[in-house]
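The structure file query-v7.txt is reproduced below (compact mmCIF, C-alpha atoms).
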# COMPACT_ATOMS: atom_id res chain seq x y z
CA MET P 207 1.84 -79.08 -40.37
CA ASP P 208 -0.20 -76.02 -41.38
CA THR P 209 -1.70 -75.80 -37.91
CA VAL P 210 1.77 -75.63 -36.36
CA LEU P 211 2.80 -72.89 -38.79
CA ARG P 212 -0.33 -70.85 -38.19
CA SER P 213 -0.86 -71.28 -34.47
CA PRO P 214 1.14 -68.29 -33.13
CA ASN P 215 -1.30 -65.79 -34.67
CA GLY P 216 -5.05 -65.93 -34.09
CA PHE P 217 -6.01 -64.52 -37.48
CA LEU P 218 -3.91 -67.07 -39.40
CA SER P 219 -4.86 -70.03 -37.22
CA SER P 220 -8.59 -69.31 -37.61
CA LEU P 221 -8.52 -69.25 -41.43
CA PRO P 222 -10.06 -72.21 -43.25
CA ALA P 223 -7.40 -74.34 -44.98
CA ASN P 224 -8.37 -73.08 -48.46
CA ASP P 225 -7.98 -69.44 -47.42
CA PHE P 226 -4.68 -70.09 -45.70
CA GLU P 227 -3.39 -71.75 -48.88
CA LEU P 228 -4.26 -68.60 -50.85
CA ILE P 229 -1.80 -66.54 -48.81
CA ARG P 230 0.62 -69.09 -47.30
CA GLN P 231 3.38 -68.80 -49.89
CA HIS P 232 3.25 -64.99 -49.71
CA LEU P 233 3.77 -64.76 -45.94
CA ARG P 234 7.16 -63.49 -44.80
CA PRO P 235 8.56 -63.55 -41.24
CA VAL P 236 9.53 -60.08 -40.00
CA ASP P 237 10.99 -58.71 -36.80
CA LEU P 238 8.88 -56.14 -34.99
CA ALA P 239 11.64 -53.89 -33.63
CA ALA P 240 10.81 -51.69 -30.65
CA ASP P 241 9.49 -48.26 -31.72
CA ALA P 242 9.58 -49.17 -35.43
CA VAL P 243 7.04 -47.13 -37.41
CA LEU P 244 5.05 -49.44 -39.69
CA VAL P 245 3.04 -46.65 -41.31
CA GLU P 246 2.38 -42.94 -40.74
CA SER P 247 -1.09 -41.42 -40.92
CA ASP P 248 -2.14 -40.47 -44.47
CA GLU P 249 0.32 -42.95 -45.98
CA ILE P 250 -0.85 -45.98 -47.96
CA LEU P 251 -0.17 -49.17 -45.99
CA THR P 252 1.78 -51.56 -48.21
CA ARG P 253 2.17 -54.55 -45.88
CA ALA P 254 -0.18 -56.21 -43.37
CA TYR P 255 1.21 -57.68 -40.14
CA MET P 256 0.05 -60.68 -38.10
CA PRO P 257 2.04 -60.70 -34.84
CA HIS P 258 3.19 -63.98 -33.29
CA LYS P 259 4.80 -62.08 -30.43
CA GLY P 260 4.86 -58.36 -29.84
CA VAL P 261 2.24 -55.59 -29.87
CA ILE P 262 1.52 -52.89 -32.46
CA SER P 263 0.17 -49.56 -31.19
CA LEU P 264 -2.20 -47.49 -33.34
CA VAL P 265 -1.55 -43.83 -32.59
CA VAL P 266 -3.28 -40.55 -33.47
CA LYS P 267 -1.05 -37.46 -33.73
CA LEU P 268 -2.50 -34.10 -32.73
CA ALA P 269 -1.48 -30.71 -34.13
CA ARG P 270 0.66 -29.68 -31.15
CA GLY P 271 2.66 -32.89 -31.26
CA GLU P 272 0.74 -34.95 -28.71
CA ARG P 273 0.36 -38.63 -29.56
CA VAL P 274 -2.51 -40.72 -28.19
CA GLN P 275 -2.90 -44.46 -28.57
CA VAL P 276 -6.33 -45.54 -29.83
CA ALA P 277 -5.90 -49.33 -30.17
CA MET P 278 -3.45 -52.23 -29.94
CA VAL P 279 -3.00 -55.23 -32.21
CA GLY P 280 -1.25 -58.38 -31.03
CA ARG P 281 -1.09 -62.13 -31.48
CA ASP P 282 -4.85 -62.55 -31.78
CA SER P 283 -5.33 -60.36 -34.85
CA ILE P 284 -3.98 -58.56 -37.94
CA PHE P 285 -2.88 -55.00 -38.59
CA GLY P 286 -4.06 -53.99 -42.06
CA ALA P 287 -7.40 -55.80 -42.16
CA PHE P 288 -9.34 -52.99 -43.85
CA ALA P 289 -6.41 -52.28 -46.21
CA GLY P 290 -6.83 -55.87 -47.39
CA ILE P 291 -10.35 -55.00 -48.52
CA GLY P 292 -9.77 -51.65 -50.23
CA GLU P 293 -6.99 -49.11 -50.69
CA ALA P 294 -7.20 -45.98 -48.57
CA PRO P 295 -4.72 -43.79 -46.66
CA SER P 296 -4.01 -44.92 -43.10
CA LEU P 297 -6.07 -42.97 -40.56
CA ASN P 298 -3.40 -43.30 -37.88
CA SER P 299 0.24 -44.12 -37.33
CA ALA P 300 1.28 -47.64 -36.31
CA VAL P 301 4.28 -48.13 -34.04
CA VAL P 302 5.72 -51.28 -32.43
CA LEU P 303 4.90 -51.01 -28.72
CA VAL P 304 6.28 -54.40 -27.63
CA PRO P 305 8.99 -55.95 -29.86
CA GLY P 306 8.44 -59.39 -31.33
CA VAL P 307 7.96 -61.21 -34.62
CA ALA P 308 5.15 -61.32 -37.14
CA SER P 309 4.06 -62.82 -40.42
CA SER P 310 3.77 -60.12 -43.05
CA ILE P 311 2.12 -60.00 -46.45
CA ASP P 312 1.96 -57.44 -49.24
CA VAL P 313 -1.40 -55.66 -48.98
CA ALA P 314 -2.06 -55.90 -52.72
CA THR P 315 -1.53 -59.67 -52.55
CA LEU P 316 -3.86 -59.95 -49.55
CA ARG P 317 -6.46 -57.87 -51.37
CA ALA P 318 -6.23 -60.12 -54.43
CA ALA P 319 -6.72 -63.20 -52.24
CA ALA P 320 -9.70 -61.58 -50.47
CA SER P 321 -11.30 -60.82 -53.84
CA GLN P 322 -11.14 -64.56 -54.61
CA SER P 323 -12.54 -65.73 -51.28
CA PRO P 324 -15.71 -64.44 -49.56
CA THR P 325 -14.69 -66.21 -46.33
CA LEU P 326 -11.27 -64.50 -46.24
CA ARG P 327 -12.89 -61.16 -46.98
CA ALA P 328 -15.44 -61.73 -44.19
CA MET P 329 -12.64 -62.61 -41.76
CA LEU P 330 -10.75 -59.41 -42.63
CA ILE P 331 -13.94 -57.41 -42.03
CA ARG P 332 -14.44 -59.07 -38.63
CA HIS P 333 -10.88 -58.28 -37.54
CA GLY P 334 -11.14 -54.73 -38.86
CA LEU P 335 -14.38 -54.21 -36.93
CA ALA P 336 -12.79 -55.60 -33.77
CA VAL P 337 -10.07 -52.93 -33.96
CA TYR P 338 -12.71 -50.29 -34.72
CA ALA P 339 -14.70 -51.37 -31.65
CA GLN P 340 -11.54 -51.05 -29.56
CA ILE P 341 -10.96 -47.51 -30.90
CA GLN P 342 -14.51 -46.50 -29.92
CA GLN P 343 -14.15 -47.97 -26.43
CA THR P 344 -10.79 -46.23 -25.95
CA ALA P 345 -12.29 -42.86 -26.88
CA GLY P 346 -15.02 -43.23 -24.28
CA CYS P 347 -12.62 -44.62 -21.69
CA ASN P 348 -10.08 -41.78 -22.01
CA ALA P 349 -12.88 -39.22 -21.67
CA VAL P 350 -14.50 -40.63 -18.54
CA HIS P 351 -12.40 -43.09 -16.53
CA THR P 352 -9.63 -42.40 -14.04
CA VAL P 353 -5.95 -42.49 -15.00
CA GLU P 354 -5.48 -45.40 -12.58
CA SER P 355 -8.20 -47.57 -14.15
CA ARG P 356 -7.03 -46.68 -17.69
CA LEU P 357 -3.43 -47.65 -16.96
CA ALA P 358 -4.57 -50.93 -15.37
CA ARG P 359 -6.69 -51.64 -18.48
CA CYS P 360 -3.78 -51.02 -20.85
CA LEU P 361 -1.31 -53.12 -18.85
CA LEU P 362 -3.78 -56.04 -18.79
CA HIS P 363 -4.42 -55.69 -22.51
CA ILE P 364 -0.70 -55.70 -23.29
CA ARG P 365 -0.31 -58.78 -21.09
CA ASP P 366 -3.01 -60.60 -23.05
CA LEU P 367 -1.59 -59.60 -26.42
CA SER P 368 2.04 -60.32 -25.60
CA GLY P 369 1.53 -63.36 -23.38
CA SER P 370 3.89 -62.05 -20.70
CA ASN P 371 3.58 -60.48 -17.25
CA LYS P 372 6.77 -58.51 -17.92
CA ILE P 373 6.50 -55.34 -20.00
CA ILE P 374 8.99 -52.61 -20.91
CA LEU P 375 7.36 -49.18 -21.19
CA THR P 376 8.68 -45.65 -20.69
CA GLN P 377 6.55 -43.14 -18.79
CA GLU P 378 6.16 -41.21 -22.04
CA THR P 379 4.77 -44.29 -23.79
CA MET P 380 2.41 -45.04 -20.91
CA ALA P 381 1.15 -41.44 -21.03
CA GLN P 382 0.55 -41.82 -24.77
CA MET P 383 -1.28 -45.12 -24.19
CA ILE P 384 -3.87 -43.62 -21.89
CA GLY P 385 -4.01 -39.99 -23.04
CA ALA P 386 -2.61 -38.56 -19.81
CA ARG P 387 0.31 -36.38 -18.68
CA ARG P 388 3.59 -38.00 -17.69
CA ASN P 389 3.46 -36.77 -14.09
CA SER P 390 -0.01 -38.34 -13.70
CA VAL P 391 1.32 -41.66 -15.01
CA SER P 392 4.26 -41.55 -12.60
CA LEU P 393 1.95 -41.04 -9.61
CA VAL P 394 -0.47 -43.77 -10.70
CA ALA P 395 2.30 -46.30 -11.43
CA HIS P 396 3.63 -45.60 -7.92
CA THR P 397 0.13 -46.14 -6.47
CA LEU P 398 -0.22 -49.49 -8.28
CA GLN P 399 3.21 -50.51 -7.01
CA GLN P 400 2.32 -49.51 -3.44
CA ALA P 401 -0.74 -51.77 -3.72
CA ASN P 402 1.62 -54.59 -4.85
CA PHE P 403 -0.26 -54.99 -8.14
CA ILE P 404 2.85 -54.23 -10.20
CA HIS P 405 6.58 -53.90 -9.73
CA TYR P 406 7.88 -50.88 -11.65
CA SER P 407 11.50 -49.81 -12.07
CA ARG P 408 13.11 -47.79 -14.85
CA GLY P 409 10.61 -48.67 -17.50
CA HIS P 410 10.41 -52.35 -16.51
CA ILE P 411 6.96 -53.39 -15.34
CA GLU P 412 5.99 -56.75 -13.92
CA ILE P 413 2.37 -57.57 -13.11
CA THR P 414 2.58 -59.19 -9.69
CA ASN P 415 -1.12 -59.34 -8.73
CA LEU P 416 -3.33 -60.07 -11.72
CA ASP P 417 -6.55 -60.16 -9.71
CA GLY P 418 -5.84 -56.82 -8.04
CA LEU P 419 -4.95 -55.14 -11.32
CA THR P 420 -8.09 -56.56 -12.97
CA LYS P 421 -10.27 -55.14 -10.18
CA THR P 422 -8.59 -51.74 -10.62
CA ALA P 423 -9.22 -51.67 -14.39
CA CYS P 424 -12.39 -50.09 -15.73
CA GLU P 425 -15.10 -52.14 -17.43
CA CYS P 426 -13.56 -51.29 -20.82
CA TYR P 427 -11.03 -54.10 -20.42
CA ALA P 428 -13.72 -56.79 -20.17
CA THR P 429 -15.89 -55.06 -22.81
CA VAL P 430 -13.15 -55.04 -25.46
CA LYS P 431 -12.23 -58.63 -24.59
CA SER P 432 -15.80 -59.85 -25.08
CA GLN P 433 -16.21 -57.80 -28.29
CA TYR P 434 -13.12 -59.45 -29.74
CA ALA P 435 -14.27 -62.91 -28.67
CA GLY P 436 -17.68 -62.35 -30.28
CA LEU P 437 -16.45 -60.76 -33.50
CA LEU P 438 -13.61 -63.17 -34.14
CA HIS P 439 -15.80 -66.22 -34.79
CA GLY P 440 -16.80 -66.68 -31.17
CA GLN P 441 -13.22 -67.48 -30.15
CA GLU P 442 -12.34 -67.57 -26.48
CA PRO P 443 -10.24 -64.54 -25.44
CA LEU P 444 -6.49 -65.21 -25.31
CA HIS P 445 -4.88 -65.29 -21.91
CA GLY P 446 -1.20 -64.70 -21.19
CA HIS P 447 0.89 -67.25 -19.39

What does this structure look like when you write it as structure tokens?
Amino acid sequence: MDTVLRSPNGFLSSLPANDFELIRQHLRPVDLAADAVLVESDEILTRAYMPHKGVISLVVKLARGERVQVAMVGRDSIFGAFAGIGEAPSLNSAVVLVPGVASSIDVATLRAAASQSPTLRAMLIRHGLAVYAQIQQTAGCNAVHTVESRLARCLLHIRDLSGSNKIILTQETMAQMIGARRNSVSLVAHTLQQANFIHYSRGHIEITNLDGLTKTACECYATVKSQYAGLLHGQEPLHGH
């Protein structure tokens, strides 16, 4: 029965039975509403989220108001891993990019459970490091790679995390995801559509040629995927359906 309950989220399903029992009764189902802000930068995160469906975007705000996405958390992981180890202000904002549902737990409760279990604590560290690795890769990617390859990378990543070829994203959100200007995103989305890799209309995107989009993406897509697979107990990367 536990396996059925835990299977939608990779973090929960990978926990040993004893660790899952430590937190099971404290888990609460929550809706991840589109554009909901889960925490602002410099705030103390009070709840951790383990998506079953949906994607959480970690965003850095710059002084002039620009917002740049640095990582995404979906059904394979947990948002709030490092908060479950020690209290510290959030270094970035977290916003729901793709709506869905998640299991949620009070951070203080998660921290108490982690203090009782070295294996749970180790798992939180692994998931926290996986997000950190993604942030590093994103920084390098946004500095060097083309807008086209960056957008392809992000669309593929969202597909993996959400499990769907259909995505709803505004041009403004796409620009934020890849650290580019809106007019650049509009041109690149049109180029990908002309190549028949995606169908794009009024914020609705459908990936129509997975192989073509994968070849367009930079190496960062495969790098992050393999880092996650290695860090998260050698799990195979999740694939969308």

Q | Spatial sel., origin (6.5, -61.9, -44.1), limit 10 Å, all atoms listed in the file, listed as a VMD selection string | A | chain P and resid 230 to 237 253 to 256 307 to 312

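Candidate residues P:Arg359, P:Arg332, P:Lys372, P:Arg408 were compared for distance to P:Ala428, and the nearest is P:Arg359, using all atoms listed in the file.
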
Show me a table, sorted first by chain and then by increasing residue number, of the residues of stretch 349-372 of chain P having an atom at most 9 Å from stretch 262-281 of chain P, each with its shortest atom pair and the distance in Å to one decimal, counting all atoms listed in the file and written as a Markdown table.
| residue | atom | partner | partner_atom | distance |
| --- | --- | --- | --- | --- |
| P:His363 | CA | P:Met278 | CA | 8.3 |
| P:Ile364 | CA | P:Met278 | CA | 8.0 |
| P:Asp366 | CA | P:Gly280 | CA | 8.5 |
| P:Leu367 | CA | P:Gly280 | CA | 4.8 |
| P:Ser368 | CA | P:Gly280 | CA | 6.6 |
| P:Gly369 | CA | P:Arg281 | CA | 8.6 |

**Q.** Among the residues P:Ile373, P:Ala240, P:Ala314, P:Leu438, the one that comes closest to P:His410 [using only C-alpha atoms]
**A.** P:Ile373

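The closest residue to P:Ala358, picked from P:Gln342, P:Gln433, P:Thr397, P:Ser407 and counting only C-alpha atoms, is P:Thr397.
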
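As for atom CA of P:Leu361 and atom CA of P:Glu246, they are spaced 24.4 Å apart.
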
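Minimum distance to P:Ala239 across P:Val350, P:Ser323, P:Ser390, P:Pro257 (counting only C-alpha atoms) occurs at P:Pro257.
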
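Among the candidates P:Leu218, P:Met380, P:Ile250, P:Ala395, the residue lying nearest to P:Pro295 is P:Ile250 (atoms considered: only C-alpha atoms).
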
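Note that the spacing between atom CA of P:Leu419 and atom CA of P:Ser392 amounts to 16.5 Å.
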
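With only C-alpha atoms as the atoms that count, the residue of P:Ala349, P:Ser296, P:Glu354, P:Ala386 with the shortest distance to P:Gln399 is P:Glu354.
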
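A distance cut-off of 10 Å around (-10.5, -41.0, -16.7), counting all atoms listed in the file, selects these protein and nucleic acid residues: Gly346, Cys347, Asn348, Ala349, Val350, His351, Thr352, Val353, Glu354, Ser355, Arg356, Leu357, Ile384, Gly385, Ala386 and Cys424 of chain P.
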
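Between atom CA of P:Thr422 and atom CA of P:Phe285 the interatomic distance comes to 28.7 Å.
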
(Q) Just want the 6 Å neighbourhood of stretch 289-292 of chain P, counted on only C-alpha atoms, with same-chain residues fewer than 3 positions away dropped. Output as JSON, numbers by chain. (A) {"P": [286, 313, 316, 317]}

(Q) Need to verify the contact set: P:Leu326, 12 Å, all atoms listed in the file, exclusion of same-chain residues closer than 6 positions in sequence. Can you return it as a PyMOL selection string? (A) chain P and resi 217-218+220-229+287-288+290-291+316-320+332-333

Emit the selected residues as a PDB file, in the coordinates of the input, including C-alpha atoms.
ATOM      1  CA  PHE P 217      -6.010 -64.520 -37.480  1.00  0.00           C
ATOM      2  CA  LEU P 218      -3.910 -67.070 -39.400  1.00  0.00           C
ATOM      3  CA  SER P 220      -8.590 -69.310 -37.610  1.00  0.00           C
ATOM      4  CA  LEU P 221      -8.520 -69.250 -41.430  1.00  0.00           C
ATOM      5  CA  PRO P 222     -10.060 -72.210 -43.250  1.00  0.00           C
ATOM      6  CA  ALA P 223      -7.400 -74.340 -44.980  1.00  0.00           C
ATOM      7  CA  ASN P 224      -8.370 -73.080 -48.460  1.00  0.00           C
ATOM      8  CA  ASP P 225      -7.980 -69.440 -47.420  1.00  0.00           C
ATOM      9  CA  PHE P 226      -4.680 -70.090 -45.700  1.00  0.00           C
ATOM     10  CA  GLU P 227      -3.390 -71.750 -48.880  1.00  0.00           C
ATOM     11  CA  LEU P 228      -4.260 -68.600 -50.850  1.00  0.00           C
ATOM     12  CA  ILE P 229      -1.800 -66.540 -48.810  1.00  0.00           C
ATOM     13  CA  ALA P 287      -7.400 -55.800 -42.160  1.00  0.00           C
ATOM     14  CA  PHE P 288      -9.340 -52.990 -43.850  1.00  0.00           C
ATOM     15  CA  GLY P 290      -6.830 -55.870 -47.390  1.00  0.00           C
ATOM     16  CA  ILE P 291     -10.350 -55.000 -48.520  1.00  0.00           C
ATOM     17  CA  LEU P 316      -3.860 -59.950 -49.550  1.00  0.00           C
ATOM     18  CA  ARG P 317      -6.460 -57.870 -51.370  1.00  0.00           C
ATOM     19  CA  ALA P 318      -6.230 -60.120 -54.430  1.00  0.00           C
ATOM     20  CA  ALA P 319      -6.720 -63.200 -52.240  1.00  0.00           C
ATOM     21  CA  ALA P 320      -9.700 -61.580 -50.470  1.00  0.00           C
ATOM     22  CA  ARG P 332     -14.440 -59.070 -38.630  1.00  0.00           C
ATOM     23  CA  HIS P 333     -10.880 -58.280 -37.540  1.00  0.00           C
TER      24      HIS P 333
END

Q | Long-range neighbours of stretch 387-389 of chain P as a list in words, 10 Å cut-off, all atoms listed in the file, 4 positions minimum in chain | A | Val353, Thr376, Gln377, Glu378, Thr379, Met380, Ala381, Gln382, Leu393, Val394 and Ala395 of chain P

Only all heavy atoms needed: put stretch 335-347 of chain P from the block into a file as a JSON list (two decimals), in the first residue's frame.
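For reference, decode.json as written:
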[["chain", "number", "residue", "atom", "x", "y", "z"],
["P", 335, "LEU", "N", 21.72, 18.62, -3.45],
["P", 335, "LEU", "CA", 22.87, 18.73, -4.34],
["P", 335, "LEU", "C", 22.47, 18.63, -5.80],
["P", 335, "LEU", "O", 23.06, 19.28, -6.67],
["P", 335, "LEU", "CB", 23.91, 17.65, -4.01],
["P", 335, "LEU", "CG", 24.73, 17.87, -2.74],
["P", 335, "LEU", "CD1", 25.58, 16.65, -2.44],
["P", 335, "LEU", "CD2", 25.60, 19.12, -2.85],
["P", 336, "ALA", "N", 21.47, 17.81, -6.08],
["P", 336, "ALA", "CA", 20.99, 17.68, -7.47],
["P", 336, "ALA", "C", 20.44, 19.01, -7.99],
["P", 336, "ALA", "O", 20.71, 19.41, -9.12],
["P", 336, "ALA", "CB", 19.93, 16.58, -7.56],
["P", 337, "VAL", "N", 19.69, 19.71, -7.14],
["P", 337, "VAL", "CA", 19.17, 21.03, -7.53],
["P", 337, "VAL", "C", 20.33, 22.02, -7.68],
["P", 337, "VAL", "O", 20.37, 22.82, -8.62],
["P", 337, "VAL", "CB", 18.14, 21.55, -6.50],
["P", 337, "VAL", "CG1", 17.75, 22.99, -6.80],
["P", 337, "VAL", "CG2", 16.89, 20.67, -6.51],
["P", 338, "TYR", "N", 21.29, 21.95, -6.77],
["P", 338, "TYR", "CA", 22.46, 22.83, -6.83],
["P", 338, "TYR", "C", 23.25, 22.60, -8.13],
["P", 338, "TYR", "O", 23.69, 23.55, -8.78],
["P", 338, "TYR", "CB", 23.36, 22.57, -5.62],
["P", 338, "TYR", "CG", 24.61, 23.41, -5.57],
["P", 338, "TYR", "CD1", 24.54, 24.80, -5.47],
["P", 338, "TYR", "CD2", 25.87, 22.82, -5.62],
["P", 338, "TYR", "CE1", 25.68, 25.57, -5.43],
["P", 338, "TYR", "CE2", 27.03, 23.58, -5.58],
["P", 338, "TYR", "CZ", 26.93, 24.96, -5.48],
["P", 338, "TYR", "OH", 28.07, 25.73, -5.45],
["P", 339, "ALA", "N", 23.39, 21.33, -8.52],
["P", 339, "ALA", "CA", 24.09, 21.01, -9.77],
["P", 339, "ALA", "C", 23.34, 21.60, -10.96],
["P", 339, "ALA", "O", 23.95, 22.10, -11.92],
["P", 339, "ALA", "CB", 24.21, 19.49, -9.93],
["P", 340, "GLN", "N", 22.01, 21.54, -10.89],
["P", 340, "GLN", "CA", 21.20, 22.10, -11.97],
["P", 340, "GLN", "C", 21.38, 23.62, -12.06],
["P", 340, "GLN", "O", 21.48, 24.19, -13.15],
["P", 340, "GLN", "CB", 19.72, 21.77, -11.72],
["P", 340, "GLN", "CG", 18.80, 22.09, -12.87],
["P", 340, "GLN", "CD", 17.34, 21.90, -12.53],
["P", 340, "GLN", "OE1", 16.49, 22.58, -13.11],
["P", 340, "GLN", "NE2", 17.01, 21.01, -11.62],
["P", 341, "ILE", "N", 21.45, 24.29, -10.90],
["P", 341, "ILE", "CA", 21.66, 25.75, -10.86],
["P", 341, "ILE", "C", 22.99, 26.11, -11.52],
["P", 341, "ILE", "O", 23.08, 27.04, -12.32],
["P", 341, "ILE", "CB", 21.60, 26.27, -9.41],
["P", 341, "ILE", "CG1", 20.17, 26.16, -8.87],
["P", 341, "ILE", "CG2", 22.10, 27.71, -9.31],
["P", 341, "ILE", "CD1", 20.03, 26.42, -7.38],
["P", 342, "GLN", "N", 24.04, 25.34, -11.19],
["P", 342, "GLN", "CA", 25.37, 25.60, -11.78],
["P", 342, "GLN", "C", 25.34, 25.43, -13.30],
["P", 342, "GLN", "O", 25.88, 26.25, -14.05],
["P", 342, "GLN", "CB", 26.40, 24.64, -11.19],
["P", 342, "GLN", "CG", 26.82, 24.95, -9.77],
["P", 342, "GLN", "CD", 27.95, 24.04, -9.33],
["P", 342, "GLN", "OE1", 27.86, 22.83, -9.44],
["P", 342, "GLN", "NE2", 29.03, 24.62, -8.83],
["P", 343, "GLN", "N", 24.70, 24.35, -13.75],
["P", 343, "GLN", "CA", 24.64, 24.09, -15.19],
["P", 343, "GLN", "C", 23.86, 25.18, -15.91],
["P", 343, "GLN", "O", 24.22, 25.61, -17.01],
["P", 343, "GLN", "CB", 23.98, 22.73, -15.43],
["P", 343, "GLN", "CG", 24.20, 22.18, -16.83],
["P", 343, "GLN", "CD", 25.61, 21.65, -17.06],
["P", 343, "GLN", "OE1", 26.24, 21.16, -16.13],
["P", 343, "GLN", "NE2", 26.11, 21.76, -18.28],
["P", 344, "THR", "N", 22.77, 25.64, -15.28],
["P", 344, "THR", "CA", 21.95, 26.69, -15.88],
["P", 344, "THR", "C", 22.74, 27.98, -16.03],
["P", 344, "THR", "O", 22.63, 28.68, -17.05],
["P", 344, "THR", "CB", 20.69, 26.94, -15.02],
["P", 344, "THR", "OG1", 19.93, 25.74, -14.95],
["P", 344, "THR", "CG2", 19.81, 28.03, -15.63],
["P", 345, "ALA", "N", 23.55, 28.31, -15.03],
["P", 345, "ALA", "CA", 24.36, 29.53, -15.10],
["P", 345, "ALA", "C", 25.31, 29.48, -16.29],
["P", 345, "ALA", "O", 25.42, 30.44, -17.06],
["P", 345, "ALA", "CB", 25.14, 29.71, -13.79],
["P", 346, "GLY", "N", 25.98, 28.36, -16.45],
["P", 346, "GLY", "CA", 26.89, 28.21, -17.58],
["P", 346, "GLY", "C", 26.16, 28.21, -18.91],
["P", 346, "GLY", "O", 26.60, 28.84, -19.89],
["P", 347, "CYS", "N", 25.02, 27.53, -18.93],
["P", 347, "CYS", "CA", 24.22, 27.42, -20.16],
["P", 347, "CYS", "C", 23.75, 28.78, -20.64],
["P", 347, "CYS", "O", 23.89, 29.14, -21.80],
["P", 347, "CYS", "CB", 23.03, 26.51, -19.90],
["P", 347, "CYS", "SG", 21.98, 26.25, -21.34]]
